[in-house]
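Working notes, structure below.
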Amino acid sequence: MHSESQQLIIDSVGKLLSDHVTPALIESVEGGDFAADLWSELVNQGLLLLGLDEACGGYGGTFGDQLALLRECGRHAVPAPVSHTLLANHLRSMLGQQGLTTPSAVIDGIVLSGSSESVSGELRDVPWAAMLSSVLVQAELEGAACWMEVPVDKSSDHGKNIAGEPTATLSFDSAAPTSVLGSVSEQHLREILHRGAAMHSAMMAGALEQALQIAVGYVLERKQFGQPLAKFQAIQHQLAVMATEVAASTRSVDQMQMTEDPPSDLDVAIAKARVGEAVGLSTDTAHQVMGAMGYTREHHLNYLTRRLWLWRDQFGHETFWQSEIGKHFLSANQADLWTQITDLS
């Protein structure tokens with residue numbers, strides 16, 4: 001279930017991505033190129049400023065609208081730092097800054113040190129590093145942690161993560177920051193963790209839905225012993241279990257996406273835990289029913305599953321969020337456990 005505005009986003013973004021995100025583009029990006037034309041289209045349609053207040057240079061909308069966008073990005077295995085830039089823009093807005101449409105990212109942890117005029121340090125294995133225009137980092141200045149925006153000038157040790165996203169090391173030697181944005185607070189860190197987890201849950205939901213569609217389409221077309229694979233009871237059972245996992249996990253993303261307000265901490269924890277849990281069984285099943293075909297580099301399924309394995313671990317693995325759910329329900333200031341569970345909408 002989506003709002004009218006979200007359905008418009010889904011329809012328009014889905015068409016844009018269908019037109020631009022091809023296997024050739026994904027392979028090109030995994031080879032080190034930047035998807036410049038795709039990024040220009042995202043900028044021209046205002047999607048990188050979606051969900052950002054107009055006072056911060058955005059176009060308004062809700063966080064649920066952002067999740068609808070990211071769900072489509074996950075469905076199409078978009079090879080660009082969309083979620084990274086949206087998260088960086090949210091942090092900028094929290095610090096009273098304007099949003100940007102250039103590729104950027106937030107780096108977790110205190111990694112740089114120096115003064116407001118120059119900082120030094122090294123950031124290793126940064127996704128999309130060579131393609132970022134700037135990074136938002138925590139720097140230790142005179143014993144206090146501050147947010148800084150630092151331009152990306154040079155990178156080294158270029159590689160790829162499991163999803164094929166280009167990674168690199170960013171080195172800063174007495175680099176002049178673009179600006180010092182303010183002190184680091186617990187609220188900032190919590191917002192980054194929870195918002196990042198919600199974003200990755202939405203991307204995983206889209207990728208899981210697409211993986212299920214691919215697997216079902218394959219067994220309906222592929223024949224063995226004179227009949228479609230879909231006629232075999234063992235295949236039917238596997239896909240029924242996968243469909244149940246996908247439906248149950250994506251429902252938790254729907255819960256976050258449908259609300260006008262930012263999702264609660266509990267909703268985020270449930271979504272990231274449930275979707276992450278569904279990834280293992282669902283990717284196993286999709287590859288199993290497709291046999292060797294699903295493992296080939298040429299098949300689109302691998303673009304989805306490799307990203308699912310990466311996103312599952314980012315912003316908290318499901319075991320981390322399951323622990324957070326347990327802490328919530330067992331905390332002393334909560335009502336009795338049975339009432340809490342049965343009252344969940």
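By convention here, the chains of the structure tokens are called A, B, ... in the order presented, each chain's residues are numbered starting at 1, and ligands are numbered starting at 1 in the order presented.
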
Could you write out, as a PyMOL selection string, all the residues of segment 101-336 of chain A that DSSP marks as strand (DSSP E or B)?
chain A and resi 104-114+119-127+134-141+144-151+155-160+166-175+179-183+223-224+227-228

Next on the checklist: Neighbouring residues of Leu229 of chain A were defined as those with any atom within 7 Å, considering only C-alpha atoms; residues of the same chain fewer than 6 positions away were excluded. Please report them as a PyMOL selection string.
Outcome noted: chain A and resi 219-220+222-223+235

Using only C-alpha atoms, the residue out of A:Leu52, A:Ser104, A:Ala35, A:Glu245 with shortest distance to Pro151 of chain A is A:Ser104

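Minimum distance to Ala240 of chain A across A:Thr259, A:Gln210, A:Thr285, A:Ser40 (counting only C-alpha atoms) occurs at A:Thr285.
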
Skip segment 79-90 of chain A itself and residues of its chain fewer than 3 positions away, then list as a list in words all residues within 6 Å of it, counting only C-alpha atoms.
-> Ile26, Ser93, Gly99, Pro103, Ser104, Ala105 and Val106 of chain A

Output N, CA, C and O atoms of each residue in that selection to a file, as a PDB file, in the first residue's frame.
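Just written: again-v3.pdb:
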```pdb
ATOM      1  N   ILE A  26      25.841  -1.434 -15.280  1.00  0.00           N
ATOM      2  CA  ILE A  26      26.309  -1.991 -14.008  1.00  0.00           C
ATOM      3  C   ILE A  26      27.726  -2.528 -14.152  1.00  0.00           C
ATOM      4  O   ILE A  26      28.579  -2.290 -13.293  1.00  0.00           O
ATOM      5  N   SER A  93      21.121  18.775   6.845  1.00  0.00           N
ATOM      6  CA  SER A  93      19.930  19.513   7.290  1.00  0.00           C
ATOM      7  C   SER A  93      19.867  19.590   8.804  1.00  0.00           C
ATOM      8  O   SER A  93      19.450  20.607   9.364  1.00  0.00           O
ATOM      9  N   GLY A  99      21.221  21.111   1.298  1.00  0.00           N
ATOM     10  CA  GLY A  99      21.463  19.830   0.657  1.00  0.00           C
ATOM     11  C   GLY A  99      22.220  19.996  -0.652  1.00  0.00           C
ATOM     12  O   GLY A  99      22.166  21.055  -1.285  1.00  0.00           O
ATOM     13  N   PRO A 103      27.650  13.655  -5.507  1.00  0.00           N
ATOM     14  CA  PRO A 103      27.814  12.429  -4.711  1.00  0.00           C
ATOM     15  C   PRO A 103      28.587  12.691  -3.415  1.00  0.00           C
ATOM     16  O   PRO A 103      29.661  13.299  -3.436  1.00  0.00           O
ATOM     17  N   SER A 104      28.034  12.259  -2.307  1.00  0.00           N
ATOM     18  CA  SER A 104      28.690  12.455  -1.013  1.00  0.00           C
ATOM     19  C   SER A 104      28.294  11.329  -0.077  1.00  0.00           C
ATOM     20  O   SER A 104      27.416  10.530  -0.389  1.00  0.00           O
ATOM     21  N   ALA A 105      28.946  11.278   1.080  1.00  0.00           N
ATOM     22  CA  ALA A 105      28.691  10.182   2.017  1.00  0.00           C
ATOM     23  C   ALA A 105      29.061  10.615   3.424  1.00  0.00           C
ATOM     24  O   ALA A 105      29.840  11.556   3.620  1.00  0.00           O
ATOM     25  N   VAL A 106      28.484   9.910   4.403  1.00  0.00           N
ATOM     26  CA  VAL A 106      28.823  10.101   5.811  1.00  0.00           C
ATOM     27  C   VAL A 106      29.746   8.964   6.228  1.00  0.00           C
ATOM     28  O   VAL A 106      29.459   7.795   5.959  1.00  0.00           O
TER      29      VAL A 106
END
```
